[in-house]
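**Q** So that you have it, the file is input-v2.csv, and it contains CSV, C-alpha atoms:
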```csv
chain,number,residue,atom,x,y,z
A,22,MET,CA,188.9,50.8,178.8
A,23,THR,CA,186.2,53.4,178.3
A,24,ARG,CA,182.8,52.9,179.7
A,25,MET,CA,180.5,50.9,177.4
A,26,VAL,CA,177.4,48.8,177.3
A,27,GLU,CA,177.7,45.4,175.6
A,28,SER,CA,174.9,43.1,174.5
A,29,LEU,CA,176.1,39.6,175.4
A,30,GLU,CA,175.4,36.5,173.4
A,31,VAL,CA,174.1,33.7,175.6
A,32,THR,CA,172.5,31.1,173.4
A,33,THR,CA,172.9,27.9,175.3
A,34,LEU,CA,172.6,26.8,178.9
A,35,ASP,CA,174.4,23.8,180.5
A,36,ARG,CA,171.7,21.3,181.7
A,37,SER,CA,174.0,20.0,184.4
A,38,GLU,CA,174.5,23.5,185.7
A,39,VAL,CA,170.7,24.1,185.8
A,40,LEU,CA,170.3,20.8,187.7
A,41,ARG,CA,173.0,21.8,190.1
A,42,TYR,CA,171.2,25.1,190.9
A,43,LEU,CA,168.1,22.9,191.5
A,44,GLY,CA,170.1,21.0,194.1
A,45,TYR,CA,170.8,17.9,192.1
A,46,HIS,CA,174.1,16.1,192.8
A,47,GLY,CA,173.9,13.0,190.7
A,48,GLN,CA,170.6,11.7,191.9
A,49,GLU,CA,167.9,10.5,189.5
A,50,VAL,CA,165.8,13.3,187.8
A,51,THR,CA,162.1,12.6,188.1
A,52,PRO,CA,160.1,12.2,184.9
A,53,GLU,CA,158.2,15.4,185.7
A,54,ILE,CA,161.3,17.5,186.1
A,55,GLU,CA,162.9,15.9,183.0
A,56,ALA,CA,159.8,16.7,180.9
A,57,ARG,CA,159.7,20.4,182.0
A,58,LEU,CA,163.4,21.2,182.3
A,59,GLY,CA,164.0,21.8,178.6
A,60,ASP,CA,160.9,24.1,178.4
A,61,ALA,CA,162.2,26.2,181.3
A,62,MET,CA,165.7,26.5,179.7
A,63,ALA,CA,164.1,27.5,176.4
A,64,SER,CA,161.9,30.0,178.0
A,65,CYS,CA,164.8,31.6,179.9
A,66,LEU,CA,166.8,32.0,176.7
A,67,SER,CA,163.9,33.6,174.9
A,68,LEU,CA,163.2,36.1,177.7
A,69,ALA,CA,166.8,36.9,178.7
A,70,ARG,CA,168.4,40.1,177.4
A,71,PRO,CA,172.0,39.8,178.7
A,72,ARG,CA,173.8,43.1,178.8
A,73,ALA,CA,176.8,44.5,180.7
A,74,CYS,CA,178.6,47.7,181.7
A,75,LEU,CA,182.3,47.4,181.8
A,76,ARG,CA,185.1,49.8,182.7
A,77,SER,CA,188.7,49.6,184.1
A,78,PHE,CA,190.0,52.1,186.6
A,79,ALA,CA,193.6,52.7,187.8
A,80,CYS,CA,194.4,51.8,191.4
A,81,GLY,CA,194.9,54.7,193.8
A,82,THR,CA,197.0,54.6,196.9
A,83,ARG,CA,196.3,51.7,199.2
A,84,THR,CA,195.5,52.7,202.8
A,85,SER,CA,194.0,51.3,205.9
A,86,ARG,CA,191.2,52.5,208.2
A,87,ASN,CA,191.8,53.1,211.9
A,88,ASP,CA,190.6,49.5,212.6
A,89,GLY,CA,193.1,48.1,210.2
A,90,THR,CA,190.7,47.4,207.4
A,91,PRO,CA,192.5,47.8,204.0
A,92,GLU,CA,191.0,50.2,201.5
A,93,LEU,CA,191.8,50.5,197.8
A,94,PRO,CA,190.3,53.6,196.1
A,95,LEU,CA,189.9,53.5,192.3
A,96,LEU,CA,190.9,56.7,190.4
A,97,GLY,CA,188.3,58.4,188.4
A,98,CYS,CA,185.3,57.3,190.5
A,99,ALA,CA,184.1,57.2,194.1
A,100,LEU,CA,184.4,53.4,194.5
A,101,VAL,CA,186.6,52.3,197.4
A,102,LEU,CA,187.1,48.5,197.8
A,103,GLU,CA,187.3,47.6,201.5
A,104,GLY,CA,188.4,44.4,203.3
A,105,LYS,CA,191.2,42.0,203.6
A,106,SER,CA,189.8,39.6,201.1
A,107,ILE,CA,189.7,42.1,198.2
A,108,ALA,CA,193.1,43.5,199.3
A,109,GLU,CA,194.6,40.1,198.9
A,110,HIS,CA,192.7,39.5,195.6
A,111,LEU,CA,194.0,42.7,194.1
A,112,GLU,CA,197.5,42.8,195.6
A,113,GLY,CA,199.9,44.0,192.9
A,114,ALA,CA,197.1,45.1,190.6
A,115,VAL,CA,197.7,48.3,188.6
A,116,GLU,CA,194.1,48.6,187.4
A,117,VAL,CA,190.7,47.1,188.3
A,118,GLY,CA,188.2,45.9,185.9
A,119,VAL,CA,184.6,46.6,187.1
A,120,MET,CA,181.5,45.0,185.7
A,121,ALA,CA,177.8,45.0,186.1
A,122,VAL,CA,175.7,42.4,184.2
A,123,THR,CA,172.0,41.6,184.0
A,124,ILE,CA,169.7,39.3,182.0
A,125,GLY,CA,167.0,41.9,182.2
A,126,ALA,CA,163.5,42.5,183.5
A,127,GLY,CA,161.7,40.0,181.3
A,128,VAL,CA,162.9,37.0,183.3
A,129,GLU,CA,162.0,38.8,186.5
A,130,ARG,CA,158.5,39.4,185.4
A,131,GLU,CA,158.0,35.8,184.4
A,132,LEU,CA,159.4,34.5,187.7
A,133,ARG,CA,156.8,36.7,189.5
A,134,ARG,CA,154.0,35.4,187.3
A,135,LEU,CA,155.0,31.8,187.8
A,136,SER,CA,155.3,32.2,191.5
A,137,LEU,CA,151.5,32.8,191.5
A,138,THR,CA,150.4,30.3,188.9
A,139,ASP,CA,153.0,27.5,188.6
A,140,PRO,CA,155.4,27.0,191.6
A,141,LEU,CA,157.4,24.2,189.9
A,142,GLY,CA,157.7,26.2,186.8
A,143,GLN,CA,159.0,29.2,188.8
A,144,ILE,CA,161.6,27.0,190.5
A,145,LEU,CA,162.8,25.6,187.2
A,146,LEU,CA,163.0,29.0,185.5
A,147,ASP,CA,164.8,30.4,188.5
A,148,ALA,CA,167.5,27.7,188.2
A,149,ALA,CA,167.8,28.3,184.5
A,150,ALA,CA,168.0,32.1,185.0
A,151,THR,CA,170.8,31.6,187.6
A,152,ALA,CA,172.7,29.6,185.0
A,153,ALA,CA,172.0,32.2,182.4
A,154,ILE,CA,173.3,35.1,184.5
A,155,GLU,CA,176.5,33.2,185.3
A,156,ARG,CA,177.0,32.6,181.6
A,157,ALA,CA,176.5,36.3,180.9
A,158,ALA,CA,179.0,37.2,183.7
A,159,ASP,CA,181.5,34.8,182.1
A,160,ALA,CA,181.0,36.6,178.8
A,161,ALA,CA,181.5,40.0,180.4
A,162,GLU,CA,184.5,38.8,182.3
A,163,ALA,CA,186.0,37.5,179.0
A,164,LEU,CA,185.8,41.0,177.6
A,165,LEU,CA,187.7,42.5,180.5
A,166,VAL,CA,190.3,39.7,180.2
A,167,ALA,CA,190.7,40.6,176.5
A,168,ASP,CA,190.9,44.3,177.3
A,169,ALA,CA,193.8,43.6,179.7
A,170,ALA,CA,195.5,41.3,177.3
A,171,ALA,CA,195.4,43.8,174.5
A,172,ARG,CA,197.5,46.1,176.7
A,173,GLY,CA,199.9,43.4,177.8
A,174,LEU,CA,198.3,42.9,181.2
A,175,TYR,CA,197.2,39.8,183.0
A,176,THR,CA,194.0,39.2,185.1
A,177,ASN,CA,192.7,37.1,187.9
A,178,TRP,CA,189.1,36.0,188.3
A,179,ARG,CA,186.0,38.1,189.2
A,180,PHE,CA,185.3,38.9,192.8
A,181,SER,CA,181.8,40.1,193.8
A,182,PRO,CA,180.5,42.3,196.7
A,183,GLY,CA,179.5,39.9,199.5
A,184,TYR,CA,182.5,37.5,198.8
A,185,GLY,CA,184.8,37.3,201.8
A,186,ASP,CA,184.6,40.6,203.7
A,187,LEU,CA,184.0,42.9,200.7
A,188,PRO,CA,180.8,44.5,201.9
A,189,LEU,CA,177.6,44.9,199.9
A,190,ALA,CA,177.8,48.5,201.0
A,191,CYS,CA,180.0,49.2,198.0
A,192,GLN,CA,177.2,48.3,195.6
A,193,PRO,CA,175.7,51.8,195.2
A,194,THR,CA,179.1,53.4,194.3
A,195,LEU,CA,180.0,50.4,192.1
A,196,LEU,CA,176.8,50.8,190.1
A,197,ALA,CA,177.3,54.6,190.0
A,198,ALA,CA,180.8,54.2,188.6
A,199,LEU,CA,179.4,52.3,185.7
A,200,ASP,CA,176.2,54.4,185.4
A,201,ALA,CA,174.5,50.9,185.5
A,202,THR,CA,171.2,52.1,186.8
A,203,ARG,CA,170.5,54.3,183.8
A,204,ARG,CA,172.2,52.0,181.3
A,205,LEU,CA,171.1,48.6,182.5
A,206,GLY,CA,168.1,49.3,184.8
A,207,ILE,CA,169.8,47.8,187.8
A,208,THR,CA,168.5,49.2,191.1
A,209,LEU,CA,169.0,48.3,194.7
A,210,THR,CA,166.6,47.4,197.5
A,211,PRO,CA,167.1,48.9,200.9
A,212,SER,CA,169.1,45.8,201.9
A,213,LEU,CA,171.4,46.4,198.8
A,214,LEU,CA,170.2,43.4,196.8
A,215,MET,CA,170.0,44.0,193.1
A,216,VAL,CA,166.8,44.2,191.0
A,217,PRO,CA,166.6,42.5,188.5
A,218,THR,CA,167.7,39.8,190.9
A,219,LYS,CA,169.5,37.9,188.1
A,220,SER,CA,172.3,40.5,188.0
A,221,VAL,CA,175.9,40.3,188.9
A,222,THR,CA,178.5,42.9,189.9
A,223,ALA,CA,182.2,42.1,190.2
A,224,VAL,CA,185.8,43.3,190.0
A,225,LEU,CA,189.0,41.7,188.8
A,226,GLY,CA,192.6,42.8,188.9
A,227,TYR,CA,194.8,43.8,186.0
A,228,PHE,CA,198.5,42.9,186.7
A,229,PRO,CA,201.8,43.6,185.0
A,230,GLU,CA,202.9,40.0,185.5
A,231,PRO,CA,200.9,36.7,185.4
A,232,HIS,CA,199.6,35.3,188.6
A,233,PRO,CA,200.1,31.5,188.4
A,234,GLY,CA,197.1,29.5,189.6
A,235,THR,CA,194.6,32.4,189.6
A,236,ARG,CA,193.1,31.3,186.2
A,237,PRO,CA,192.6,27.7,185.1
A,238,GLY,CA,193.9,26.3,181.8
A,239,CYS,CA,191.9,26.8,178.7
A,240,LYS,CA,190.2,23.4,178.9
A,241,GLU,CA,188.8,24.1,182.4
A,242,CYS,CA,188.2,27.8,182.0
A,243,ASN,CA,184.6,29.0,182.4
A,244,LEU,CA,185.3,31.8,179.9
A,245,ARG,CA,186.4,29.5,177.0
A,246,ASP,CA,183.2,29.9,175.0
A,247,TYR,CA,183.6,33.7,175.0
A,248,CYS,CA,187.4,33.9,174.7
A,249,SER,CA,188.8,36.0,171.9
A,250,ILE,CA,192.5,35.6,172.9
A,251,ARG,CA,193.0,31.9,171.8
A,252,ALA,CA,192.2,32.9,168.2
A,253,SER,CA,195.4,34.9,168.2
A,254,GLY,CA,197.4,31.7,169.0
A,255,THR,CA,198.1,32.6,172.6
A,256,THR,CA,196.4,32.5,176.0
A,257,CYS,CA,195.7,35.1,178.8
A,258,GLN,CA,198.6,33.5,180.8
A,259,SER,CA,201.2,33.8,178.0
A,260,LEU,CA,200.7,37.0,176.1
```
Will you turn the file into structure tokens for me?
**A**
Amino acid sequence: MTRMVESLEVTTLDRSEVLRYLGYHGQEVTPEIEARLGDAMASCLSLARPRACLRSFACGTRTSRNDGTPELPLLGCALVLEGKSIAEHLEGAVEVGVMAVTIGAGVERELRRLSLTDPLGQILLDAAATAAIERAADAAEALLVADAAARGLYTNWRFSPGYGDLPLACQPTLLAALDATRRLGITLTPSLLMVPTKSVTAVLGYFPEPHPGTRPGCKECNLRDYCSIRASGTTCQSL
């Protein structure tokens, strides 16, 4: 897959997901929250500009540091994935799909404004924006899954810096590998957090054989709304 920028179509949000990010787990929603939740979701969708940079890289030779930490360099860029968690996640992979996704600066600006003028509105929009970036990440991941399937390869699920022992320290080289700062406007704070904050980076493996259990069935798959594989009469687990 060559480097590219994709505008992603996120037109709906799952109300239950937004409530989950608000901390609701089945309890009653207050009339005030109910009255304002729809407005926050609509505002998020109007402000969001979901976009992604995507690329796949061949795997280099797996090595270990002196302390035993596994390292997986990716060919054609400076990114080295470190840690036991990512080594297990990518064991047997021949390529790695790399993604950076953001819903843009418009939501970020509105969150800052609301933090000064409407604290409840800020909390509601923040939850909606979290749901929106996850939807955008699902859409981007679906593009990588389709890219792998088009070449007869299978994938597992996305894995982000900060998961397990994959360090946030890889964020600068990951973003550089995708030219994501120039293309998407994603920058890093001194503590390696992304700005806009509603952004996601992740990697997933491309494998020559399917990995049972690493992806759910179509009914349960988070990517089903964005999947282009089922239209061909098959699935990503049975190419």
**Q** Report as a PyMOL selection string all protein, DNA and RNA residues lying within 9 Å of A:His110, evaluated on all atoms listed in the file, omitting residues in the same chain fewer than 6 positions from it.
**A** chain A and resi 177-178+180+225-226
**Q** Find, counting all atoms listed in the file, the residue in A:Cys80, A:Leu213, A:Leu29, A:Ala108 that gets nearest to A:Leu95.
**A**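 Among the listed residues, the smallest separation from A:Leu95 belongs to A:Cys80.
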**Q** Residues at most 8 Å from stretch 181-197 of chain A, counting all atoms listed in the file, excluding those fewer than 3 positions away in the same chain, as a CSV table (one decimal) with C-alpha atoms, keeping the file's coordinate frame?
**A**
```csv
chain,number,residue,atom,x,y,z
A,99,ALA,CA,184.1,57.2,194.1
A,100,LEU,CA,184.4,53.4,194.5
A,101,VAL,CA,186.6,52.3,197.4
A,102,LEU,CA,187.1,48.5,197.8
A,103,GLU,CA,187.3,47.6,201.5
A,104,GLY,CA,188.4,44.4,203.3
A,105,LYS,CA,191.2,42.0,203.6
A,106,SER,CA,189.8,39.6,201.1
A,107,ILE,CA,189.7,42.1,198.2
A,119,VAL,CA,184.6,46.6,187.1
A,121,ALA,CA,177.8,45.0,186.1
A,200,ASP,CA,176.2,54.4,185.4
A,201,ALA,CA,174.5,50.9,185.5
A,202,THR,CA,171.2,52.1,186.8
A,207,ILE,CA,169.8,47.8,187.8
A,209,LEU,CA,169.0,48.3,194.7
A,213,LEU,CA,171.4,46.4,198.8
A,221,VAL,CA,175.9,40.3,188.9
A,222,THR,CA,178.5,42.9,189.9
A,223,ALA,CA,182.2,42.1,190.2
A,224,VAL,CA,185.8,43.3,190.0
```
**Q** Scan for residues within 12 Å of the point (183.3, 47.7, 182.3) in the coordinates of the file, using all atoms listed in the file, and reply as a PyMOL selection string.
**A** chain A and resi 22-27+72-78+116-122+158+160-169+195-201+204+222-225
**Q** For the residues selected in the previous step, produce a file with C-alpha atoms as a PDB file, in the coordinates of the input.
**A**
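Below is the file that was written, again.pdb:
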```pdb
ATOM      1  CA  MET A  22     188.900  50.800 178.800  1.00  0.00           C
ATOM      2  CA  THR A  23     186.200  53.400 178.300  1.00  0.00           C
ATOM      3  CA  ARG A  24     182.800  52.900 179.700  1.00  0.00           C
ATOM      4  CA  MET A  25     180.500  50.900 177.400  1.00  0.00           C
ATOM      5  CA  VAL A  26     177.400  48.800 177.300  1.00  0.00           C
ATOM      6  CA  GLU A  27     177.700  45.400 175.600  1.00  0.00           C
ATOM      7  CA  ARG A  72     173.800  43.100 178.800  1.00  0.00           C
ATOM      8  CA  ALA A  73     176.800  44.500 180.700  1.00  0.00           C
ATOM      9  CA  CYS A  74     178.600  47.700 181.700  1.00  0.00           C
ATOM     10  CA  LEU A  75     182.300  47.400 181.800  1.00  0.00           C
ATOM     11  CA  ARG A  76     185.100  49.800 182.700  1.00  0.00           C
ATOM     12  CA  SER A  77     188.700  49.600 184.100  1.00  0.00           C
ATOM     13  CA  PHE A  78     190.000  52.100 186.600  1.00  0.00           C
ATOM     14  CA  GLU A 116     194.100  48.600 187.400  1.00  0.00           C
ATOM     15  CA  VAL A 117     190.700  47.100 188.300  1.00  0.00           C
ATOM     16  CA  GLY A 118     188.200  45.900 185.900  1.00  0.00           C
ATOM     17  CA  VAL A 119     184.600  46.600 187.100  1.00  0.00           C
ATOM     18  CA  MET A 120     181.500  45.000 185.700  1.00  0.00           C
ATOM     19  CA  ALA A 121     177.800  45.000 186.100  1.00  0.00           C
ATOM     20  CA  VAL A 122     175.700  42.400 184.200  1.00  0.00           C
ATOM     21  CA  ALA A 158     179.000  37.200 183.700  1.00  0.00           C
ATOM     22  CA  ALA A 160     181.000  36.600 178.800  1.00  0.00           C
ATOM     23  CA  ALA A 161     181.500  40.000 180.400  1.00  0.00           C
ATOM     24  CA  GLU A 162     184.500  38.800 182.300  1.00  0.00           C
ATOM     25  CA  ALA A 163     186.000  37.500 179.000  1.00  0.00           C
ATOM     26  CA  LEU A 164     185.800  41.000 177.600  1.00  0.00           C
ATOM     27  CA  LEU A 165     187.700  42.500 180.500  1.00  0.00           C
ATOM     28  CA  VAL A 166     190.300  39.700 180.200  1.00  0.00           C
ATOM     29  CA  ALA A 167     190.700  40.600 176.500  1.00  0.00           C
ATOM     30  CA  ASP A 168     190.900  44.300 177.300  1.00  0.00           C
ATOM     31  CA  ALA A 169     193.800  43.600 179.700  1.00  0.00           C
ATOM     32  CA  LEU A 195     180.000  50.400 192.100  1.00  0.00           C
ATOM     33  CA  LEU A 196     176.800  50.800 190.100  1.00  0.00           C
ATOM     34  CA  ALA A 197     177.300  54.600 190.000  1.00  0.00           C
ATOM     35  CA  ALA A 198     180.800  54.200 188.600  1.00  0.00           C
ATOM     36  CA  LEU A 199     179.400  52.300 185.700  1.00  0.00           C
ATOM     37  CA  ASP A 200     176.200  54.400 185.400  1.00  0.00           C
ATOM     38  CA  ALA A 201     174.500  50.900 185.500  1.00  0.00           C
ATOM     39  CA  ARG A 204     172.200  52.000 181.300  1.00  0.00           C
ATOM     40  CA  THR A 222     178.500  42.900 189.900  1.00  0.00           C
ATOM     41  CA  ALA A 223     182.200  42.100 190.200  1.00  0.00           C
ATOM     42  CA  VAL A 224     185.800  43.300 190.000  1.00  0.00           C
ATOM     43  CA  LEU A 225     189.000  41.700 188.800  1.00  0.00           C
TER      44      LEU A 225
END
```
**Q** Find the spatial neighbours of A:Ala149, counting only C-alpha atoms, within a cut-off of 12 Å - ignore same-chain residues fewer than 5 positions away - and output them as a PyMOL selection string.
**A** chain A and resi 33-43+57-69+124+128+132+142-144+154-156+219
**Q** By how many Å are atom CA of A:Ser220 and atom CA of A:Pro94 apart?
**A**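 Computing the Euclidean distance for atom CA of A:Ser220 and atom CA of A:Pro94 yields 23.7 Å.
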**Q** Provide the atom CA of A:Arg134 to atom CA of A:Leu146 distance in Å, to one decimal place.
**A**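 Going from atom CA of A:Arg134 over to atom CA of A:Leu146, I get 11.2 Å.
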**Q** For each of A:Gly89, A:Gly127, A:Pro71, A:Gly113, take the minimum atom-to-atom distance to A:Pro231, counting all atoms listed in the file, then give the residue where this is smallest.
**A**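 That would be A:Gly113, the residue with the smallest distance to A:Pro231.
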